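Q: Structure file upload_12.pdb (PDB, C-alpha atoms) is given on the next line.
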```pdb
ATOM      1  CA  MET A 194     -26.344  40.848  13.680
ATOM      2  CA  THR A 195     -28.534  38.502  11.649
ATOM      3  CA  SER A 196     -28.390  34.879  10.643
ATOM      4  CA  SER A 197     -30.253  33.474   7.664
ATOM      5  CA  VAL A 198     -28.711  30.071   6.930
ATOM      6  CA  PRO A 199     -26.869  27.702   9.243
ATOM      7  CA  ALA A 200     -23.099  27.656   9.073
ATOM      8  CA  VAL A 201     -21.597  24.468   7.738
ATOM      9  CA  ASP A 202     -18.193  22.950   8.296
ATOM     10  CA  THR A 203     -16.128  23.208   5.111
ATOM     11  CA  ARG A 204     -12.979  21.866   6.742
ATOM     12  CA  SER A 205     -12.002  18.958   4.525
ATOM     13  CA  ALA A 206      -9.202  17.642   2.409
ATOM     14  CA  ALA A 207     -10.755  19.483  -0.533
ATOM     15  CA  SER A 208     -10.211  22.940   0.907
ATOM     16  CA  ALA A 209      -8.593  24.663   3.873
ATOM     17  CA  LEU A 210     -10.999  27.577   3.417
ATOM     18  CA  GLN A 211     -13.455  27.744   6.329
ATOM     19  CA  ALA A 212     -15.343  30.983   5.654
ATOM     20  CA  VAL A 213     -15.571  34.024   3.402
ATOM     21  CA  LEU A 214     -16.008  37.452   5.008
ATOM     22  CA  LEU A 215     -17.121  40.293   2.770
ATOM     23  CA  ASP A 216     -17.167  44.061   3.160
ATOM     24  CA  MET A 217     -20.257  45.863   1.844
ATOM     25  CA  ASP A 218     -19.875  49.472   0.602
ATOM     26  CA  GLY A 219     -17.628  49.647  -2.432
ATOM     27  CA  THR A 220     -16.996  45.898  -2.344
ATOM     28  CA  LEU A 221     -20.369  44.264  -2.985
ATOM     29  CA  VAL A 222     -22.460  47.381  -3.661
ATOM     30  CA  ASP A 223     -21.509  50.510  -5.569
ATOM     31  CA  THR A 224     -22.303  52.964  -2.748
ATOM     32  CA  GLU A 225     -19.043  54.731  -1.893
ATOM     33  CA  GLY A 226     -20.062  57.500  -4.296
ATOM     34  CA  PHE A 227     -23.452  57.714  -2.590
ATOM     35  CA  TRP A 228     -21.803  58.337   0.791
ATOM     36  CA  TRP A 229     -19.635  61.119  -0.643
ATOM     37  CA  GLU A 230     -22.642  62.686  -2.374
ATOM     38  CA  VAL A 231     -24.565  62.724   0.918
ATOM     39  CA  GLU A 232     -21.606  64.110   2.874
ATOM     40  CA  THR A 233     -21.029  66.824   0.270
ATOM     41  CA  ALA A 234     -24.704  67.841   0.263
ATOM     42  CA  VAL A 235     -25.014  67.938   4.064
ATOM     43  CA  PHE A 236     -21.890  70.063   4.493
ATOM     44  CA  ALA A 237     -22.992  72.390   1.689
ATOM     45  CA  GLU A 238     -26.169  73.013   3.678
ATOM     46  CA  LEU A 239     -23.947  73.806   6.666
ATOM     47  CA  GLY A 240     -22.057  76.321   4.522
ATOM     48  CA  HIS A 241     -18.936  74.278   3.828
ATOM     49  CA  GLN A 242     -17.420  72.766   0.688
ATOM     50  CA  LEU A 243     -15.685  69.405   0.953
ATOM     51  CA  LEU A 244     -12.357  68.974  -0.826
ATOM     52  CA  GLU A 245     -12.062  66.003  -3.166
ATOM     53  CA  GLU A 246      -8.810  64.991  -1.461
ATOM     54  CA  TRP A 247     -10.737  64.313   1.759
ATOM     55  CA  ARG A 248     -12.678  61.541   0.064
ATOM     56  CA  GLU A 249      -9.778  59.112   0.377
ATOM     57  CA  VAL A 250      -9.526  59.932   4.084
ATOM     58  CA  VAL A 251     -13.130  59.101   4.935
ATOM     59  CA  VAL A 252     -13.758  56.176   2.552
ATOM     60  CA  GLY A 253     -14.269  52.843   4.255
ATOM     61  CA  GLY A 254     -14.085  54.275   7.732
ATOM     62  CA  PRO A 255     -16.607  54.013  10.557
ATOM     63  CA  MET A 256     -19.150  56.826  10.571
ATOM     64  CA  ALA A 257     -17.865  58.383  13.804
ATOM     65  CA  ARG A 258     -14.321  58.640  12.471
ATOM     66  CA  SER A 259     -15.333  60.005   9.071
ATOM     67  CA  ALA A 260     -17.777  62.510  10.534
ATOM     68  CA  SER A 261     -15.260  63.657  13.159
ATOM     69  CA  PHE A 262     -12.661  64.255  10.473
ATOM     70  CA  LEU A 263     -15.047  66.309   8.334
ATOM     71  CA  ILE A 264     -16.184  68.424  11.285
ATOM     72  CA  LYS A 265     -12.585  69.192  12.181
ATOM     73  CA  ALA A 266     -11.515  69.774   8.567
ATOM     74  CA  THR A 267     -14.366  72.194   7.817
ATOM     75  CA  GLY A 268     -14.905  73.742  11.228
ATOM     76  CA  ALA A 269     -18.639  73.089  10.875
ATOM     77  CA  LYS A 270     -20.735  73.954  13.922
ATOM     78  CA  ILE A 271     -22.527  70.650  14.411
ATOM     79  CA  ALA A 272     -22.292  67.976  17.085
ATOM     80  CA  LEU A 273     -20.897  64.598  16.090
ATOM     81  CA  ALA A 274     -24.036  62.723  17.165
ATOM     82  CA  GLU A 275     -26.254  65.106  15.183
ATOM     83  CA  LEU A 276     -24.107  64.834  12.056
ATOM     84  CA  THR A 277     -23.910  61.047  12.268
ATOM     85  CA  ALA A 278     -27.679  60.739  12.555
ATOM     86  CA  LEU A 279     -28.186  63.195   9.672
ATOM     87  CA  LEU A 280     -25.777  61.379   7.349
ATOM     88  CA  ASN A 281     -27.297  57.976   8.107
ATOM     89  CA  THR A 282     -30.821  59.294   7.526
ATOM     90  CA  ARG A 283     -29.919  60.916   4.203
ATOM     91  CA  PHE A 284     -28.045  57.828   3.025
ATOM     92  CA  SER A 285     -30.890  55.540   4.065
ATOM     93  CA  GLN A 286     -33.299  57.672   2.038
ATOM     94  CA  MET A 287     -31.001  57.607  -0.982
ATOM     95  CA  ILE A 288     -30.769  53.807  -1.087
ATOM     96  CA  GLY A 289     -34.447  53.261  -0.394
ATOM     97  CA  GLN A 290     -35.103  52.103  -3.947
ATOM     98  CA  GLY A 291     -32.170  49.689  -3.973
ATOM     99  CA  VAL A 292     -28.472  49.927  -4.732
ATOM    100  CA  PRO A 293     -26.371  48.774  -7.695
ATOM    101  CA  LEU A 294     -24.170  45.740  -7.130
ATOM    102  CA  MET A 295     -20.512  45.774  -8.085
ATOM    103  CA  PRO A 296     -19.583  43.749 -11.203
ATOM    104  CA  GLY A 297     -19.239  40.091 -10.243
ATOM    105  CA  ALA A 298     -20.888  40.450  -6.832
ATOM    106  CA  ARG A 299     -24.131  38.639  -7.568
ATOM    107  CA  ARG A 300     -22.350  35.752  -9.270
ATOM    108  CA  LEU A 301     -19.849  35.362  -6.407
ATOM    109  CA  LEU A 302     -22.557  35.372  -3.730
ATOM    110  CA  ALA A 303     -24.588  32.816  -5.657
ATOM    111  CA  GLU A 304     -21.555  30.538  -6.015
ATOM    112  CA  LEU A 305     -20.698  30.719  -2.308
ATOM    113  CA  ALA A 306     -24.312  29.950  -1.402
ATOM    114  CA  ALA A 307     -24.515  27.059  -3.860
ATOM    115  CA  HIS A 308     -21.454  25.447  -2.253
ATOM    116  CA  ARG A 309     -22.727  26.237   1.268
ATOM    117  CA  VAL A 310     -19.620  28.192   2.183
ATOM    118  CA  PRO A 311     -20.145  30.043   5.500
ATOM    119  CA  THR A 312     -20.296  33.695   4.466
ATOM    120  CA  ALA A 313     -20.478  36.859   6.571
ATOM    121  CA  LEU A 314     -21.148  40.468   5.641
ATOM    122  CA  VAL A 315     -18.791  42.601   7.759
ATOM    123  CA  SER A 316     -19.372  46.344   7.450
ATOM    124  CA  ALA A 317     -18.537  49.567   9.274
ATOM    125  CA  SER A 318     -21.987  50.842   8.279
ATOM    126  CA  HIS A 319     -24.753  50.922  10.875
ATOM    127  CA  ARG A 320     -27.327  48.151  11.241
ATOM    128  CA  GLU A 321     -30.109  50.289   9.742
ATOM    129  CA  ILE A 322     -28.065  50.755   6.561
ATOM    130  CA  ILE A 323     -26.998  47.116   6.313
ATOM    131  CA  ASP A 324     -30.560  45.863   6.634
ATOM    132  CA  ARG A 325     -31.675  48.146   3.797
ATOM    133  CA  VAL A 326     -28.813  47.089   1.528
ATOM    134  CA  LEU A 327     -29.546  43.419   2.225
ATOM    135  CA  HIS A 328     -32.734  43.809   0.204
ATOM    136  CA  SER A 329     -30.502  44.292  -2.854
ATOM    137  CA  LEU A 330     -27.864  41.720  -1.906
ATOM    138  CA  GLY A 331     -30.236  39.016  -0.693
ATOM    139  CA  PRO A 332     -30.061  38.151   3.018
ATOM    140  CA  GLU A 333     -30.141  34.453   2.140
ATOM    141  CA  HIS A 334     -26.554  34.768   0.897
ATOM    142  CA  PHE A 335     -25.151  35.426   4.379
ATOM    143  CA  THR A 336     -24.803  33.199   7.394
ATOM    144  CA  LEU A 337     -24.487  36.335   9.525
ATOM    145  CA  THR A 338     -23.896  40.062   9.295
ATOM    146  CA  VAL A 339     -21.841  42.373  11.510
ATOM    147  CA  ALA A 340     -22.581  46.119  11.686
ATOM    148  CA  GLY A 341     -20.243  48.907  12.752
ATOM    149  CA  ASP A 342     -22.535  50.180  15.500
ATOM    150  CA  GLU A 343     -22.679  46.768  17.170
ATOM    151  CA  LEU A 344     -19.094  46.827  18.397
ATOM    152  CA  ALA A 345     -17.098  49.114  20.661
ATOM    153  CA  ARG A 346     -14.358  49.148  18.008
ATOM    154  CA  THR A 347     -14.910  48.696  14.292
ATOM    155  CA  LYS A 348     -12.561  48.894  11.297
ATOM    156  CA  PRO A 349      -9.589  49.519  11.120
ATOM    157  CA  HIS A 350      -9.496  47.447  14.340
ATOM    158  CA  PRO A 351      -9.654  43.663  13.845
ATOM    159  CA  ASP A 352     -12.707  43.224  16.105
ATOM    160  CA  PRO A 353     -15.393  42.900  13.371
ATOM    161  CA  TYR A 354     -13.506  40.165  11.552
ATOM    162  CA  LEU A 355     -12.524  38.352  14.720
ATOM    163  CA  LEU A 356     -16.167  38.376  15.814
ATOM    164  CA  ALA A 357     -17.417  37.112  12.440
ATOM    165  CA  ALA A 358     -14.883  34.276  12.408
ATOM    166  CA  ALA A 359     -15.721  33.302  15.990
ATOM    167  CA  ARG A 360     -19.455  33.288  15.280
ATOM    168  CA  LEU A 361     -18.850  31.027  12.292
ATOM    169  CA  GLY A 362     -16.561  28.750  14.306
ATOM    170  CA  ALA A 363     -13.736  29.475  11.883
ATOM    171  CA  ASP A 364     -10.018  30.083  12.318
ATOM    172  CA  PRO A 365      -9.284  33.645  11.077
ATOM    173  CA  ALA A 366      -6.190  32.315   9.300
ATOM    174  CA  ARG A 367      -8.516  30.106   7.248
ATOM    175  CA  CYS A 368     -10.914  32.895   6.351
ATOM    176  CA  ALA A 369     -10.756  34.838   3.080
ATOM    177  CA  VAL A 370     -11.731  38.511   3.345
ATOM    178  CA  VAL A 371     -12.730  40.733   0.416
ATOM    179  CA  GLU A 372     -12.290  44.486   0.980
ATOM    180  CA  ASP A 373     -12.094  47.674  -1.104
ATOM    181  CA  THR A 374     -10.262  50.129   1.218
ATOM    182  CA  MET A 375      -7.082  50.213   3.290
ATOM    183  CA  THR A 376      -9.220  50.704   6.387
ATOM    184  CA  GLY A 377     -10.902  47.368   5.821
ATOM    185  CA  VAL A 378      -7.735  45.640   4.643
ATOM    186  CA  THR A 379      -5.956  46.796   7.815
ATOM    187  CA  ALA A 380      -8.747  45.356   9.973
ATOM    188  CA  ALA A 381      -8.760  42.013   8.184
ATOM    189  CA  GLU A 382      -4.995  41.629   8.213
ATOM    190  CA  ALA A 383      -4.843  42.524  11.902
ATOM    191  CA  ALA A 384      -7.350  39.723  12.491
ATOM    192  CA  GLY A 385      -5.012  37.293  10.741
ATOM    193  CA  CYS A 386      -7.176  36.710   7.657
ATOM    194  CA  ARG A 387      -6.093  36.287   4.046
ATOM    195  CA  VAL A 388      -7.188  39.368   2.112
ATOM    196  CA  VAL A 389      -8.353  40.063  -1.414
ATOM    197  CA  ALA A 390      -8.333  43.807  -2.086
ATOM    198  CA  VAL A 391     -10.579  45.216  -4.804
ATOM    199  CA  PRO A 392      -9.743  48.955  -4.657
ATOM    200  CA  SER A 393     -12.665  51.334  -5.160
ATOM    201  CA  VAL A 394     -11.747  54.968  -4.430
ATOM    202  CA  ALA A 395      -8.056  54.779  -3.482
ATOM    203  CA  PRO A 396      -5.315  52.389  -4.662
ATOM    204  CA  ILE A 397      -4.197  49.529  -2.414
ATOM    205  CA  PRO A 398      -0.678  48.138  -2.814
ATOM    206  CA  ALA A 399       0.017  44.421  -2.935
ATOM    207  CA  ALA A 400       1.660  42.968   0.164
ATOM    208  CA  ALA A 401       2.467  39.665   1.829
ATOM    209  CA  GLY A 402      -0.764  37.815   2.537
ATOM    210  CA  ARG A 403      -2.720  40.261   0.369
ATOM    211  CA  THR A 404      -3.902  39.846  -3.214
ATOM    212  CA  VAL A 405      -5.037  42.858  -5.240
ATOM    213  CA  VAL A 406      -7.467  42.409  -8.148
ATOM    214  CA  GLY A 407      -9.251  44.763 -10.511
ATOM    215  CA  SER A 408     -12.811  43.637  -9.792
ATOM    216  CA  LEU A 409     -14.893  40.858  -8.264
ATOM    217  CA  GLU A 410     -15.159  39.374 -11.738
ATOM    218  CA  GLU A 411     -11.676  37.969 -11.079
ATOM    219  CA  VAL A 412     -12.795  36.299  -7.849
ATOM    220  CA  ASP A 413     -14.557  32.954  -7.530
ATOM    221  CA  LEU A 414     -14.615  30.105  -5.020
ATOM    222  CA  SER A 415     -11.614  28.377  -6.566
ATOM    223  CA  PHE A 416      -9.652  31.626  -6.356
ATOM    224  CA  LEU A 417     -10.576  32.087  -2.677
ATOM    225  CA  ARG A 418      -9.724  28.499  -1.808
ATOM    226  CA  GLY A 419      -6.315  29.007  -3.384
ATOM    227  CA  LEU A 420      -5.503  31.758  -0.906
ATOM    228  CA  ILE A 421      -5.557  29.415   2.080
ATOM    229  CA  LYS A 422      -2.416  27.329   2.258
ATOM    230  CA  LEU A 423      -1.677  25.501   5.489
TER     231      LEU A 423
END
```
Step by step, read the file and then write its structure as structure tokens.
A:
Amino acid sequence: MTSSVPAVDTRSAASALQAVLLDMDGTLVDTEGFWWEVETAVFAELGHQLLEEWREVVVGGPMARSASFLIKATGAKIALAELTALLNTRFSQMIGQGVPLMPGARRLLAELAAHRVPTALVSASHREIIDRVLHSLGPEHFTLTVAGDELARTKPHPDPYLLAAARLGADPARCAVVEDTMTGVTAAEAAGCRVVAVPSVAPIPAAAGRTVVGSLEEVDLSFLRGLIKL
């Protein structure tokens, strides 16, 4: 978990929004395809072909869950710890030269930073991966970051978002979360946050307390502030 700028109190008559919590893969950076490419290549080397339909099952999930599913689905003879380490190493190598940002991501991060809105990066990816991706995103845009291997339970459990809100001194009900998968949306909603879903691989239906948009280009600070109504 890292901290680059001090959190500030945005609780005022102007806005009920206290913090913005953002997912990473598929939300801010266009890496969901990278993960699938790595998983497909690794299992091909193990003698197994991944089915496209499995992609929706593993997207957005913690590494242990995704890897466990693929081992069971393929019957591959590899230990979970070995596969997890292999996938993380391959992915880390792939993103070594930087990663592409999703449309609207850079502008949104710059706007949140300019208005000193407490902002957290909350990902199921491991710390090693997050720290590499931060070179592309700019660590100065985040008050703190939460990695999937730093908690006993990560998404779809609410723990990562509850921890981020607590560290920022924010009420989860006054936090806006931006996610791209149902795994992440489930975690954020279980934490009591207001959610903006920007689907990447699989569709996400609209629901009470949840807003679905086509891309981050539709999301700005005014939009996020409008989600919090007390």
Q: Step by step, work through what the PyMOL selection byres ((chain A and resi 393) around 7) selects in the shown file, and finish by giving those residues as a VMD selection string.
A: chain A and resid 219 373 to 374 391 to 392 394 to 395
Q: Would you please work out which residue, of A:Asp413, A:Glu382, A:Glu321, A:Glu249, is nearest to Pro349 of chain A when using only C-alpha atoms?
A: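 Nearest candidate to Pro349 of chain A out of A:Asp413, A:Glu382, A:Glu321, A:Glu249: A:Glu382.
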Q: For a quick check of understanding, using all atoms listed in the file, which of A:Leu221, A:Ala257, A:Ala317, A:Ile421 has the smallest distance to Pro293 of chain A?
A: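 Smallest distance to Pro293 of chain A is found for A:Leu221.
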Q: Calculate how many Å separate atom CA of Arg300 of chain A from atom CA of Arg403 of chain A, rounding to one decimal.
A: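 About the pair atom CA of Arg300 of chain A and atom CA of Arg403 of chain A: they are 22.3 Å apart.
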Q: Mind giving me the straight-line distance from atom CA of Gly240 of chain A to atom CA of Ala269 of chain A in Å, one decimal?
A: 7.9 Å
Q: Would you kindly return, as a PDB file with C-alpha atoms, keeping the file's coordinate frame, each protein, DNA or RNA residue with an atom no farther than 9 Å from any atom of segment 326-339 of chain A, considering only C-alpha atoms and excluding same-chain residues fewer than 2 positions away?
A:
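Final output, saved to around.pdb:
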```
ATOM      1  CA  MET A 194     -26.344  40.848  13.680  1.00  0.00           C
ATOM      2  CA  THR A 195     -28.534  38.502  11.649  1.00  0.00           C
ATOM      3  CA  SER A 196     -28.390  34.879  10.643  1.00  0.00           C
ATOM      4  CA  SER A 197     -30.253  33.474   7.664  1.00  0.00           C
ATOM      5  CA  VAL A 198     -28.711  30.071   6.930  1.00  0.00           C
ATOM      6  CA  PRO A 199     -26.869  27.702   9.243  1.00  0.00           C
ATOM      7  CA  ALA A 200     -23.099  27.656   9.073  1.00  0.00           C
ATOM      8  CA  MET A 217     -20.257  45.863   1.844  1.00  0.00           C
ATOM      9  CA  LEU A 221     -20.369  44.264  -2.985  1.00  0.00           C
ATOM     10  CA  VAL A 222     -22.460  47.381  -3.661  1.00  0.00           C
ATOM     11  CA  ILE A 288     -30.769  53.807  -1.087  1.00  0.00           C
ATOM     12  CA  GLY A 289     -34.447  53.261  -0.394  1.00  0.00           C
ATOM     13  CA  GLY A 291     -32.170  49.689  -3.973  1.00  0.00           C
ATOM     14  CA  VAL A 292     -28.472  49.927  -4.732  1.00  0.00           C
ATOM     15  CA  PRO A 293     -26.371  48.774  -7.695  1.00  0.00           C
ATOM     16  CA  LEU A 294     -24.170  45.740  -7.130  1.00  0.00           C
ATOM     17  CA  ALA A 298     -20.888  40.450  -6.832  1.00  0.00           C
ATOM     18  CA  ARG A 299     -24.131  38.639  -7.568  1.00  0.00           C
ATOM     19  CA  LEU A 302     -22.557  35.372  -3.730  1.00  0.00           C
ATOM     20  CA  ALA A 303     -24.588  32.816  -5.657  1.00  0.00           C
ATOM     21  CA  LEU A 305     -20.698  30.719  -2.308  1.00  0.00           C
ATOM     22  CA  ALA A 306     -24.312  29.950  -1.402  1.00  0.00           C
ATOM     23  CA  VAL A 310     -19.620  28.192   2.183  1.00  0.00           C
ATOM     24  CA  PRO A 311     -20.145  30.043   5.500  1.00  0.00           C
ATOM     25  CA  THR A 312     -20.296  33.695   4.466  1.00  0.00           C
ATOM     26  CA  ALA A 313     -20.478  36.859   6.571  1.00  0.00           C
ATOM     27  CA  LEU A 314     -21.148  40.468   5.641  1.00  0.00           C
ATOM     28  CA  VAL A 315     -18.791  42.601   7.759  1.00  0.00           C
ATOM     29  CA  SER A 316     -19.372  46.344   7.450  1.00  0.00           C
ATOM     30  CA  ALA A 317     -18.537  49.567   9.274  1.00  0.00           C
ATOM     31  CA  ARG A 320     -27.327  48.151  11.241  1.00  0.00           C
ATOM     32  CA  GLU A 321     -30.109  50.289   9.742  1.00  0.00           C
ATOM     33  CA  ILE A 322     -28.065  50.755   6.561  1.00  0.00           C
ATOM     34  CA  ILE A 323     -26.998  47.116   6.313  1.00  0.00           C
ATOM     35  CA  ASP A 324     -30.560  45.863   6.634  1.00  0.00           C
ATOM     36  CA  GLY A 341     -20.243  48.907  12.752  1.00  0.00           C
ATOM     37  CA  ASP A 342     -22.535  50.180  15.500  1.00  0.00           C
ATOM     38  CA  GLU A 343     -22.679  46.768  17.170  1.00  0.00           C
ATOM     39  CA  LEU A 344     -19.094  46.827  18.397  1.00  0.00           C
ATOM     40  CA  PRO A 353     -15.393  42.900  13.371  1.00  0.00           C
ATOM     41  CA  TYR A 354     -13.506  40.165  11.552  1.00  0.00           C
ATOM     42  CA  LEU A 356     -16.167  38.376  15.814  1.00  0.00           C
ATOM     43  CA  ALA A 357     -17.417  37.112  12.440  1.00  0.00           C
ATOM     44  CA  ARG A 360     -19.455  33.288  15.280  1.00  0.00           C
ATOM     45  CA  LEU A 361     -18.850  31.027  12.292  1.00  0.00           C
TER      46      LEU A 361
END
```
Q: Can you pull out every residue within 8 Å of Gly377 of chain A, counting only C-alpha atoms, but drop anything in the same chain fewer than 4 positions away, and send it as a PyMOL selection string?
A: chain A and resi 216+253-254+348-349+372-373+381
Q: So that all listed atoms of segment 332-337 of chain A fit with 6 Å spare on each side, what axis-aligned box centre and edge lengths in Å, to one decimal, would you give as AutoDock Vina command-line options?
A:
```
--center_x -27.3 --center_y 35.7 --center_z 5.2 --size_x 17.7 --size_y 17.0 --size_z 20.6
```
Q: So, counting all atoms listed in the file, which residue among A:Asp218, A:Gly385, A:Arg346, A:Val250 is closest to Ala358 of chain A?
A: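 Closest to Ala358 of chain A, using all atoms listed in the file: A:Gly385.
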Q: Might you spell out which residues the PyMOL selection byres ((chain A and resi 259) around 12) would select in the displayed file, as an NGL selection string?
A: :A and (228-229 or 232 or 247-258 or 260-266 or 273 or 276-277 or 280 or 317-318 or 348 or 376)
Q: Selected residues, C-alpha atoms, written as a PDB file, in the frame of the given file, please.
A:
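Below is the file result-v9.pdb, written as the result:
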```pdb
ATOM      1  CA  TRP A 228     -21.803  58.337   0.791  1.00  0.00           C
ATOM      2  CA  TRP A 229     -19.635  61.119  -0.643  1.00  0.00           C
ATOM      3  CA  GLU A 232     -21.606  64.110   2.874  1.00  0.00           C
ATOM      4  CA  TRP A 247     -10.737  64.313   1.759  1.00  0.00           C
ATOM      5  CA  ARG A 248     -12.678  61.541   0.064  1.00  0.00           C
ATOM      6  CA  GLU A 249      -9.778  59.112   0.377  1.00  0.00           C
ATOM      7  CA  VAL A 250      -9.526  59.932   4.084  1.00  0.00           C
ATOM      8  CA  VAL A 251     -13.130  59.101   4.935  1.00  0.00           C
ATOM      9  CA  VAL A 252     -13.758  56.176   2.552  1.00  0.00           C
ATOM     10  CA  GLY A 253     -14.269  52.843   4.255  1.00  0.00           C
ATOM     11  CA  GLY A 254     -14.085  54.275   7.732  1.00  0.00           C
ATOM     12  CA  PRO A 255     -16.607  54.013  10.557  1.00  0.00           C
ATOM     13  CA  MET A 256     -19.150  56.826  10.571  1.00  0.00           C
ATOM     14  CA  ALA A 257     -17.865  58.383  13.804  1.00  0.00           C
ATOM     15  CA  ARG A 258     -14.321  58.640  12.471  1.00  0.00           C
ATOM     16  CA  ALA A 260     -17.777  62.510  10.534  1.00  0.00           C
ATOM     17  CA  SER A 261     -15.260  63.657  13.159  1.00  0.00           C
ATOM     18  CA  PHE A 262     -12.661  64.255  10.473  1.00  0.00           C
ATOM     19  CA  LEU A 263     -15.047  66.309   8.334  1.00  0.00           C
ATOM     20  CA  ILE A 264     -16.184  68.424  11.285  1.00  0.00           C
ATOM     21  CA  LYS A 265     -12.585  69.192  12.181  1.00  0.00           C
ATOM     22  CA  ALA A 266     -11.515  69.774   8.567  1.00  0.00           C
ATOM     23  CA  LEU A 273     -20.897  64.598  16.090  1.00  0.00           C
ATOM     24  CA  LEU A 276     -24.107  64.834  12.056  1.00  0.00           C
ATOM     25  CA  THR A 277     -23.910  61.047  12.268  1.00  0.00           C
ATOM     26  CA  LEU A 280     -25.777  61.379   7.349  1.00  0.00           C
ATOM     27  CA  ALA A 317     -18.537  49.567   9.274  1.00  0.00           C
ATOM     28  CA  SER A 318     -21.987  50.842   8.279  1.00  0.00           C
ATOM     29  CA  LYS A 348     -12.561  48.894  11.297  1.00  0.00           C
ATOM     30  CA  THR A 376      -9.220  50.704   6.387  1.00  0.00           C
TER      31      THR A 376
END
```
